[in-house]
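Below is entry_20.pdb, holding PDB, C-alpha atoms.
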ATOM      1  CA  MET A 113    -192.241-258.082 -29.656
ATOM      2  CA  THR A 114    -195.761-257.681 -28.375
ATOM      3  CA  VAL A 115    -198.457-259.692 -30.051
ATOM      4  CA  ILE A 116    -201.714-257.962 -30.861
ATOM      5  CA  PRO A 117    -204.716-259.979 -29.622
ATOM      6  CA  VAL A 118    -206.992-261.474 -32.213
ATOM      7  CA  GLN A 119    -209.981-259.511 -30.895
ATOM      8  CA  TYR A 120    -208.459-256.242 -32.107
ATOM      9  CA  TYR A 121    -208.271-257.566 -35.641
ATOM     10  CA  LEU A 122    -211.824-258.839 -35.394
ATOM     11  CA  VAL A 123    -213.160-255.462 -34.252
ATOM     12  CA  VAL A 124    -211.361-253.628 -37.064
ATOM     13  CA  ALA A 125    -212.651-256.159 -39.587
ATOM     14  CA  ALA A 126    -216.196-255.848 -38.226
ATOM     15  CA  ALA A 127    -216.051-252.051 -38.547
ATOM     16  CA  LEU A 128    -214.717-252.326 -42.108
ATOM     17  CA  PHE A 129    -217.427-254.852 -43.010
ATOM     18  CA  CYS A 130    -220.183-252.596 -41.664
ATOM     19  CA  ILE A 131    -218.768-249.570 -43.520
ATOM     20  CA  GLY A 132    -218.775-251.644 -46.708
ATOM     21  CA  LEU A 133    -222.356-252.727 -46.081
ATOM     22  CA  ALA A 134    -223.443-249.123 -45.522
ATOM     23  CA  ILE A 135    -221.631-248.067 -48.717
ATOM     24  CA  SER A 136    -223.313-250.698 -50.843
ATOM     25  CA  ILE A 137    -226.718-249.743 -49.426
ATOM     26  CA  THR A 138    -226.425-245.977 -49.721
ATOM     27  CA  LYS A 139    -224.636-245.529 -53.058
ATOM     28  CA  ARG A 140    -226.855-244.823 -56.039
ATOM     29  CA  HIS A 141    -224.339-246.109 -58.562
ATOM     30  CA  PHE A 142    -223.515-249.657 -59.600
ATOM     31  CA  ILE A 143    -219.782-249.119 -59.213
ATOM     32  CA  GLY A 144    -220.287-247.522 -55.804
ATOM     33  CA  MET A 145    -221.997-250.725 -54.723
ATOM     34  CA  LEU A 146    -219.044-252.696 -56.091
ATOM     35  CA  LEU A 147    -216.655-250.576 -54.002
ATOM     36  CA  GLY A 148    -218.640-251.524 -50.894
ATOM     37  CA  ILE A 149    -218.555-255.219 -51.806
ATOM     38  CA  GLU A 150    -214.780-255.110 -52.299
ATOM     39  CA  LEU A 151    -214.405-253.509 -48.874
ATOM     40  CA  MET A 152    -216.527-256.256 -47.293
ATOM     41  CA  LEU A 153    -214.404-258.977 -48.940
ATOM     42  CA  ASN A 154    -211.270-257.327 -47.558
ATOM     43  CA  ALA A 155    -212.770-257.259 -44.061
ATOM     44  CA  VAL A 156    -213.453-260.989 -44.269
ATOM     45  CA  ASN A 157    -209.870-261.565 -45.396
ATOM     46  CA  ILE A 158    -208.575-259.707 -42.328
ATOM     47  CA  ASN A 159    -210.528-262.143 -40.151
ATOM     48  CA  LEU A 160    -209.097-265.148 -41.977
ATOM     49  CA  VAL A 161    -205.530-263.869 -41.695
ATOM     50  CA  ALA A 162    -205.944-262.995 -38.012
ATOM     51  CA  PHE A 163    -207.070-266.515 -37.175
ATOM     52  CA  GLY A 164    -204.512-268.008 -39.552
ATOM     53  CA  ARG A 165    -201.723-266.646 -37.341
ATOM     54  CA  HIS A 166    -202.335-269.525 -34.966
ATOM     55  CA  ASP A 167    -201.777-272.156 -37.650
ATOM     56  CA  PRO A 168    -198.154-271.638 -38.694
ATOM     57  CA  GLU A 169    -197.677-275.197 -39.962
ATOM     58  CA  ARG A 170    -200.426-275.325 -42.568
ATOM     59  CA  LEU A 171    -201.519-271.685 -42.957
ATOM     60  CA  SER A 172    -205.112-272.615 -43.860
ATOM     61  CA  GLY A 173    -206.400-269.120 -43.153
ATOM     62  CA  GLN A 174    -203.950-267.407 -45.477
ATOM     63  CA  LEU A 175    -204.597-269.936 -48.243
ATOM     64  CA  PHE A 176    -208.331-269.376 -47.914
ATOM     65  CA  ALA A 177    -207.769-265.614 -48.061
ATOM     66  CA  LEU A 178    -205.720-266.113 -51.230
ATOM     67  CA  PHE A 179    -208.597-267.981 -52.880
ATOM     68  CA  VAL A 180    -211.007-265.246 -51.741
ATOM     69  CA  ILE A 181    -208.801-262.676 -53.512
ATOM     70  CA  VAL A 182    -208.861-264.776 -56.705
ATOM     71  CA  VAL A 183    -212.637-265.107 -56.615
ATOM     72  CA  ALA A 184    -212.990-261.365 -55.945
ATOM     73  CA  ALA A 185    -210.879-260.593 -59.014
ATOM     74  CA  ALA A 186    -213.048-262.869 -61.170
ATOM     75  CA  GLU A 187    -216.211-261.356 -59.695
ATOM     76  CA  VAL A 188    -215.230-257.764 -60.332
ATOM     77  CA  THR A 189    -214.334-258.370 -63.991
ATOM     78  CA  VAL A 190    -217.656-260.048 -64.741
ATOM     79  CA  ALA A 191    -219.565-257.418 -62.752
ATOM     80  CA  LEU A 192    -217.910-254.586 -64.681
ATOM     81  CA  ALA A 193    -218.720-256.234 -68.007
ATOM     82  CA  ILE A 194    -222.350-256.591 -66.945
ATOM     83  CA  ILE A 195    -222.433-252.961 -65.747
ATOM     84  CA  LEU A 196    -221.091-251.804 -69.117
ATOM     85  CA  ARG A 197    -223.793-253.819 -70.928
ATOM     86  CA  VAL A 198    -226.515-252.412 -68.656
ATOM     87  CA  TYR A 199    -225.200-248.893 -69.191
ATOM     88  CA  GLY A 200    -225.185-249.415 -72.956
ATOM     89  CA  ARG A 201    -228.786-250.603 -72.913
ATOM     90  CA  PHE A 202    -230.467-248.420 -70.291
ATOM     91  CA  LYS A 203    -228.117-245.387 -70.364
ATOM     92  CA  THR A 204    -228.147-245.220 -66.594
ATOM     93  CA  VAL A 205    -226.045-246.432 -63.690
ATOM     94  CA  ASP A 206    -228.692-245.944 -61.022
ATOM     95  CA  PRO A 207    -229.922-249.314 -59.748
ATOM     96  CA  ASP A 208    -233.334-247.812 -58.962
ATOM     97  CA  LYS A 209    -233.902-246.917 -62.591
ATOM     98  CA  VAL A 210    -233.252-250.359 -63.995
ATOM     99  CA  ASN A 211    -236.740-251.580 -63.164
ATOM    100  CA  GLU A 212    -237.986-253.082 -66.396
ATOM    101  CA  LEU A 213    -238.829-256.379 -64.743
ATOM    102  CA  LYS A 214    -241.157-254.604 -62.326
ATOM    103  CA  GLN A 215    -243.562-253.470 -65.019
TER
ATOM    104  CA  MET B  62    -194.439-249.941 -30.867
ATOM    105  CA  GLU B  63    -196.282-252.595 -32.837
ATOM    106  CA  ALA B  64    -199.553-251.626 -31.186
ATOM    107  CA  ILE B  65    -199.105-247.996 -32.227
ATOM    108  CA  ILE B  66    -198.522-249.033 -35.834
ATOM    109  CA  PHE B  67    -201.557-251.317 -35.676
ATOM    110  CA  TYR B  68    -203.767-248.488 -34.404
ATOM    111  CA  MET B  69    -202.393-246.117 -37.024
ATOM    112  CA  PHE B  70    -203.104-248.427 -39.967
ATOM    113  CA  SER B  71    -206.506-249.408 -38.565
ATOM    114  CA  ALA B  72    -207.430-245.740 -38.302
ATOM    115  CA  LEU B  73    -206.161-245.171 -41.848
ATOM    116  CA  THR B  74    -208.224-248.052 -43.237
ATOM    117  CA  LEU B  75    -211.408-247.135 -41.387
ATOM    118  CA  GLY B  76    -210.992-243.437 -42.213
ATOM    119  CA  ALA B  77    -210.621-244.267 -45.891
ATOM    120  CA  GLY B  78    -213.750-246.436 -45.669
ATOM    121  CA  LEU B  79    -215.720-243.580 -44.094
ATOM    122  CA  CYS B  80    -214.338-241.275 -46.786
ATOM    123  CA  ILE B  81    -215.833-243.550 -49.460
ATOM    124  CA  LEU B  82    -219.110-243.610 -47.553
ATOM    125  CA  PHE B  83    -219.440-239.826 -47.329
ATOM    126  CA  SER B  84    -217.915-238.702 -50.623
ATOM    127  CA  LYS B  85    -220.276-237.632 -53.376
ATOM    128  CA  ASN B  86    -217.768-238.019 -56.163
ATOM    129  CA  LEU B  87    -217.139-241.633 -57.061
ATOM    130  CA  ILE B  88    -213.607-240.996 -58.302
ATOM    131  CA  TYR B  89    -212.672-239.726 -54.840
ATOM    132  CA  GLY B  90    -214.239-242.878 -53.455
ATOM    133  CA  ALA B  91    -212.059-245.006 -55.733
ATOM    134  CA  PHE B  92    -208.917-243.226 -54.556
ATOM    135  CA  ALA B  93    -209.993-243.611 -50.927
ATOM    136  CA  LEU B  94    -210.428-247.311 -51.670
ATOM    137  CA  PHE B  95    -206.787-247.298 -52.798
ATOM    138  CA  VAL B  96    -205.779-246.040 -49.333
ATOM    139  CA  ALA B  97    -208.043-248.604 -47.680
ATOM    140  CA  PHE B  98    -206.459-251.475 -49.644
ATOM    141  CA  LEU B  99    -202.978-250.323 -48.689
ATOM    142  CA  GLY B 100    -204.041-250.139 -45.042
ATOM    143  CA  VAL B 101    -205.430-253.663 -45.210
ATOM    144  CA  ALA B 102    -202.134-254.834 -46.734
ATOM    145  CA  ALA B 103    -200.298-253.268 -43.789
ATOM    146  CA  LEU B 104    -202.602-255.115 -41.388
ATOM    147  CA  TYR B 105    -201.739-258.352 -43.198
ATOM    148  CA  VAL B 106    -198.050-257.655 -42.660
ATOM    149  CA  LEU B 107    -198.683-257.023 -38.955
ATOM    150  CA  ALA B 108    -200.515-260.361 -38.778
ATOM    151  CA  GLY B 109    -197.529-262.143 -40.299
ATOM    152  CA  ALA B 110    -198.913-262.666 -43.813
ATOM    153  CA  ASP B 111    -196.215-261.132 -45.982
ATOM    154  CA  PHE B 112    -196.995-262.991 -49.225
ATOM    155  CA  LEU B 113    -200.678-262.163 -48.901
ATOM    156  CA  ALA B 114    -199.887-258.472 -48.388
ATOM    157  CA  VAL B 115    -197.843-258.365 -51.587
ATOM    158  CA  SER B 116    -200.567-260.190 -53.529
ATOM    159  CA  GLN B 117    -203.135-257.804 -52.073
ATOM    160  CA  ILE B 118    -201.195-254.823 -53.378
ATOM    161  CA  MET B 119    -200.583-256.426 -56.773
ATOM    162  CA  ILE B 120    -204.079-257.798 -57.391
ATOM    163  CA  TYR B 121    -206.299-255.227 -55.702
ATOM    164  CA  VAL B 122    -204.384-252.018 -56.236
ATOM    165  CA  GLY B 123    -202.811-252.975 -59.538
ATOM    166  CA  GLY B 124    -205.740-254.804 -61.073
ATOM    167  CA  ILE B 125    -209.142-254.419 -59.491
ATOM    168  CA  LEU B 126    -208.866-250.734 -58.635
ATOM    169  CA  VAL B 127    -207.662-249.794 -62.124
ATOM    170  CA  LEU B 128    -210.568-251.780 -63.537
ATOM    171  CA  LEU B 129    -213.023-249.966 -61.243
ATOM    172  CA  ILE B 130    -211.672-246.572 -62.264
ATOM    173  CA  PHE B 131    -212.013-247.599 -65.927
ATOM    174  CA  GLY B 132    -215.607-248.561 -65.190
ATOM    175  CA  ILE B 133    -216.319-245.211 -63.545
ATOM    176  CA  MET B 134    -214.857-243.342 -66.482
ATOM    177  CA  LEU B 135    -216.716-245.420 -69.089
ATOM    178  CA  THR B 136    -220.078-244.887 -67.424
ATOM    179  CA  GLN B 137    -219.849-241.137 -66.969
ATOM    180  CA  GLN B 138    -223.042-239.358 -67.843
ATOM    181  CA  LYS B 139    -223.929-235.740 -68.171
ATOM    182  CA  GLU B 140    -225.750-234.267 -65.235
ATOM    183  CA  LYS B 141    -227.400-231.491 -67.172
ATOM    184  CA  SER B 142    -229.635-231.910 -70.156
ATOM    185  CA  ASP B 143    -230.566-229.375 -72.792
ATOM    186  CA  ASP B 144    -233.990-230.875 -73.150
ATOM    187  CA  SER B 145    -236.293-228.338 -71.524
ATOM    188  CA  THR B 146    -239.253-230.696 -71.423
ATOM    189  CA  ARG B 147    -237.405-233.121 -69.240
ATOM    190  CA  HIS B 148    -238.320-233.037 -65.584
ATOM    191  CA  ASN B 149    -235.778-231.901 -63.081
ATOM    192  CA  ARG B 150    -234.591-234.774 -61.009
ATOM    193  CA  VAL B 151    -235.154-234.277 -57.309
ATOM    194  CA  GLU B 152    -232.862-236.351 -55.169
ATOM    195  CA  VAL B 153    -234.640-237.949 -52.244
ATOM    196  CA  PRO B 154    -231.956-240.258 -50.899
ATOM    197  CA  ILE B 155    -232.853-239.941 -47.254
ATOM    198  CA  THR B 156    -234.476-243.366 -46.797
ATOM    199  CA  ARG B 157    -231.422-245.071 -48.296
ATOM    200  CA  LYS B 158    -229.162-243.171 -45.909
ATOM    201  CA  ILE B 159    -231.306-244.099 -42.931
ATOM    202  CA  TRP B 160    -231.417-247.777 -43.883
ATOM    203  CA  GLY B 161    -227.708-247.845 -44.595
ATOM    204  CA  PHE B 162    -226.913-246.290 -41.238
ATOM    205  CA  VAL B 163    -229.305-248.591 -39.377
ATOM    206  CA  ALA B 164    -227.966-251.730 -41.071
ATOM    207  CA  GLY B 165    -224.315-250.755 -40.649
ATOM    208  CA  ALA B 166    -224.523-249.536 -37.056
ATOM    209  CA  GLY B 167    -226.809-252.359 -35.961
ATOM    210  CA  LEU B 168    -224.605-255.061 -37.441
ATOM    211  CA  PHE B 169    -221.507-253.400 -36.004
ATOM    212  CA  GLY B 170    -223.009-253.274 -32.530
ATOM    213  CA  LEU B 171    -224.022-256.910 -32.754
ATOM    214  CA  LEU B 172    -220.619-258.055 -34.028
ATOM    215  CA  VAL B 173    -218.691-256.105 -31.388
ATOM    216  CA  LYS B 174    -220.920-257.515 -28.661
ATOM    217  CA  VAL B 175    -220.280-261.060 -29.905
ATOM    218  CA  ILE B 176    -216.532-260.511 -30.322
ATOM    219  CA  LEU B 177    -216.049-258.948 -26.896
ATOM    220  CA  SER B 178    -218.075-261.631 -25.133
ATOM    221  CA  SER B 179    -216.338-264.505 -26.881
ATOM    222  CA  ASP B 180    -213.436-266.391 -25.389
ATOM    223  CA  PHE B 181    -211.242-267.871 -28.097
ATOM    224  CA  ARG B 182    -209.044-270.781 -27.154
ATOM    225  CA  MET B 183    -206.336-270.999 -29.747
ATOM    226  CA  ALA B 184    -205.012-274.476 -30.385
ATOM    227  CA  GLY B 185    -201.747-273.689 -32.135
ATOM    228  CA  GLU B 186    -198.950-271.464 -30.957
ATOM    229  CA  GLU B 187    -198.329-268.013 -32.382
ATOM    230  CA  MET B 188    -196.574-267.669 -35.657
ATOM    231  CA  SER B 189    -192.883-267.000 -35.467
ATOM    232  CA  THR B 190    -191.353-264.260 -37.549
ATOM    233  CA  LYS B 191    -190.410-266.223 -40.613
ATOM    234  CA  SER B 192    -191.519-265.911 -44.189
ATOM    235  CA  THR B 193    -194.701-267.696 -45.198
ATOM    236  CA  ILE B 194    -193.889-268.046 -48.884
ATOM    237  CA  LYS B 195    -192.394-271.530 -48.656
ATOM    238  CA  THR B 196    -195.277-272.916 -46.620
ATOM    239  CA  ILE B 197    -197.866-271.388 -48.948
ATOM    240  CA  GLY B 198    -196.118-272.785 -52.015
ATOM    241  CA  VAL B 199    -195.834-276.286 -50.583
ATOM    242  CA  GLU B 200    -199.440-276.274 -49.372
ATOM    243  CA  LEU B 201    -200.756-274.992 -52.708
ATOM    244  CA  MET B 202    -198.952-277.748 -54.597
ATOM    245  CA  THR B 203    -199.827-280.598 -52.229
ATOM    246  CA  SER B 204    -202.997-280.455 -50.157
ATOM    247  CA  HIS B 205    -204.689-277.550 -51.936
ATOM    248  CA  LEU B 206    -203.898-278.587 -55.501
ATOM    249  CA  LEU B 207    -207.524-279.111 -56.562
ATOM    250  CA  PRO B 208    -208.745-275.653 -55.414
ATOM    251  CA  PHE B 209    -205.682-274.178 -57.108
ATOM    252  CA  GLU B 210    -206.569-275.762 -60.443
ATOM    253  CA  ILE B 211    -210.242-274.839 -60.030
ATOM    254  CA  ALA B 212    -209.181-271.227 -59.392
ATOM    255  CA  ALA B 213    -207.213-271.317 -62.657
ATOM    256  CA  ILE B 214    -210.273-272.572 -64.559
ATOM    257  CA  LEU B 215    -212.451-269.969 -62.831
ATOM    258  CA  LEU B 216    -210.126-267.145 -63.857
ATOM    259  CA  LEU B 217    -210.087-268.393 -67.453
ATOM    260  CA  VAL B 218    -213.888-268.630 -67.540
ATOM    261  CA  ALA B 219    -214.233-265.153 -66.006
ATOM    262  CA  LEU B 220    -211.789-263.727 -68.557
ATOM    263  CA  ILE B 221    -213.609-265.212 -71.536
ATOM    264  CA  GLY B 222    -217.029-264.369 -70.112
ATOM    265  CA  ALA B 223    -216.105-260.760 -69.365
ATOM    266  CA  ALA B 224    -214.600-260.284 -72.825
ATOM    267  CA  TYR B 225    -217.701-261.790 -74.448
ATOM    268  CA  LEU B 226    -220.077-259.671 -72.351
ATOM    269  CA  ALA B 227    -218.202-256.439 -72.922
ATOM    270  CA  LEU B 228    -218.135-256.893 -76.695
ATOM    271  CA  ASN B 229    -220.397-254.507 -78.503
ATOM    272  CA  ARG B 230    -222.632-256.938 -80.331
ATOM    273  CA  ASN B 231    -225.109-254.339 -81.516
ATOM    274  CA  PRO B 232    -223.208-251.477 -83.115
ATOM    275  CA  THR B 233    -226.336-249.587 -84.168
ATOM    276  CA  ALA B 234    -227.528-249.097 -80.607
TER
END

If you took the structure in this file and wrote it as structure tokens, what would it be?
Amino acid sequence: MTVIPVQYYLVVAAALFCIGLAISITKRHFIGMLLGIELMLNAVNINLVAFGRHDPERLSGQLFALFVIVVAAAEVTVALAIILRVYGRFKTVDPDKVNELKQ
Amino acid sequence: MEAIIFYMFSALTLGAGLCILFSKNLIYGAFALFVAFLGVAALYVLAGADFLAVSQIMIYVGGILVLLIFGIMLTQQKEKSDDSTRHNRVEVPITRKIWGFVAGAGLFGLLVKVILSSDFRMAGEEMSTKSTIKTIGVELMTSHLLPFEIAAILLLVALIGAAYLALNRNPTA
């Protein structure tokens, strides 16, 4: 059984992180930005798991990734509730149009 | 054999990510995110994290993605308006696209340069092919008990907070 080097995982995770960053910059929709953030969190988890392979006794990397998943679940529920409130008040989902604080 | 499967699932994940990036319709993006999450779960399995892969599928695909699709459907708005005095909206998204491409490609180049020039010296030996569930359970209940309890409190607070925020407190609006 060949073992895949850790650099391969890191490169894939870096590419996924940068795609997520580009998504959350370019999308003109609150939920589109959330999709990008979820993708970035997943990329970070790949890094943690790839390094956690070398710690089979304590599995710190996998435990940390588990807590990241929990925090991501909490984050996305609160973010969706806030998005629904913002949509109910401003009737828009474009982050550029919610600029009341600017005026 | 394992390398081929690794390349295949990496290509699947990255292709789904690019599909989200270039799709106009957000629902298609959400379904591409589904494929990306499954690909990431497969990468977890290849890295020896079986329990984490199952939790990824259950939490992300079963929970977060359904929630995101609900959010997309609840915030649908009509593109066209019957109001003839309203200005037509001209989309000028080009600066966002440029900045997104510059930030993404620049960061990717930097990260790949750092990764390829680094020389990791791993202390422990590679993981053998055994299940990680027992180790994760023992670790969660012994040395990581405090973060575990804090995560429980955090989930409870997020649940109550989200329910309170999403309540319609002003029915006339």

>> I'd like the neighbourhood of A:Arg170 as a list in words, where a residue qualifies if any of its atoms comes within 12 Å (using all atoms listed in the file), though same-chain residues fewer than 6 positions away should be ignored.
In response: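 With the cut-off at 12 Å, the set is Gly164 and Phe176 of chain A; Gly185, Met188, Thr193, Ile194, Lys195, Thr196, Ile197, Gly198, Val199, Glu200, Leu201, Thr203, Ser204 and His205 of chain B.
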
>> What would the selection look like, as a PyMOL selection string, if the PyMOL selection byres ((chain A) within 6 of (chain B)) were run on the coordinates I just shared?
In response: chain A and resi 130+134-135+137-138+165-168+186+190+193

> Rounded to one decimal in Å, what is the spacing between atom CA of A:Lys209 and atom CA of B:Tyr89?
Replying inline: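 So the two atoms, atom CA of A:Lys209 and atom CA of B:Tyr89, lie 23.7 Å apart.
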
>> Report, in Å with one decimal, the straight-line distance from atom CA of A:Asp206 to atom CA of A:Arg140.
In response: 5.4 Å

>> Residues proximal to (-218.1, -255.7, -53.9) were defined as those with any atom within 12 Å of that point in the file's coordinates, counting all atoms listed in the file. Which are they, as number ranges by chain?
In response: A: 129, 132-137, 142-156, 181, 183-192; B: 94, 121, 125-126, 129

> What is the distance between atom CA of B:Met202 and atom CA of A:Leu175, in Å to one decimal?
Replying inline: 11.5 Å

>> I'd like the neighbourhood of stretch 157-163 of chain A as a list of chain:residue names, where a residue qualifies if any of its atoms comes within 7 Å (using all atoms listed in the file), though same-chain residues fewer than 6 positions away should be ignored.
In response: A:Val118, A:Tyr121, A:Leu122, A:Ala125, A:Gly173, A:Gln174, A:Ala177, B:Tyr105, B:Ala108
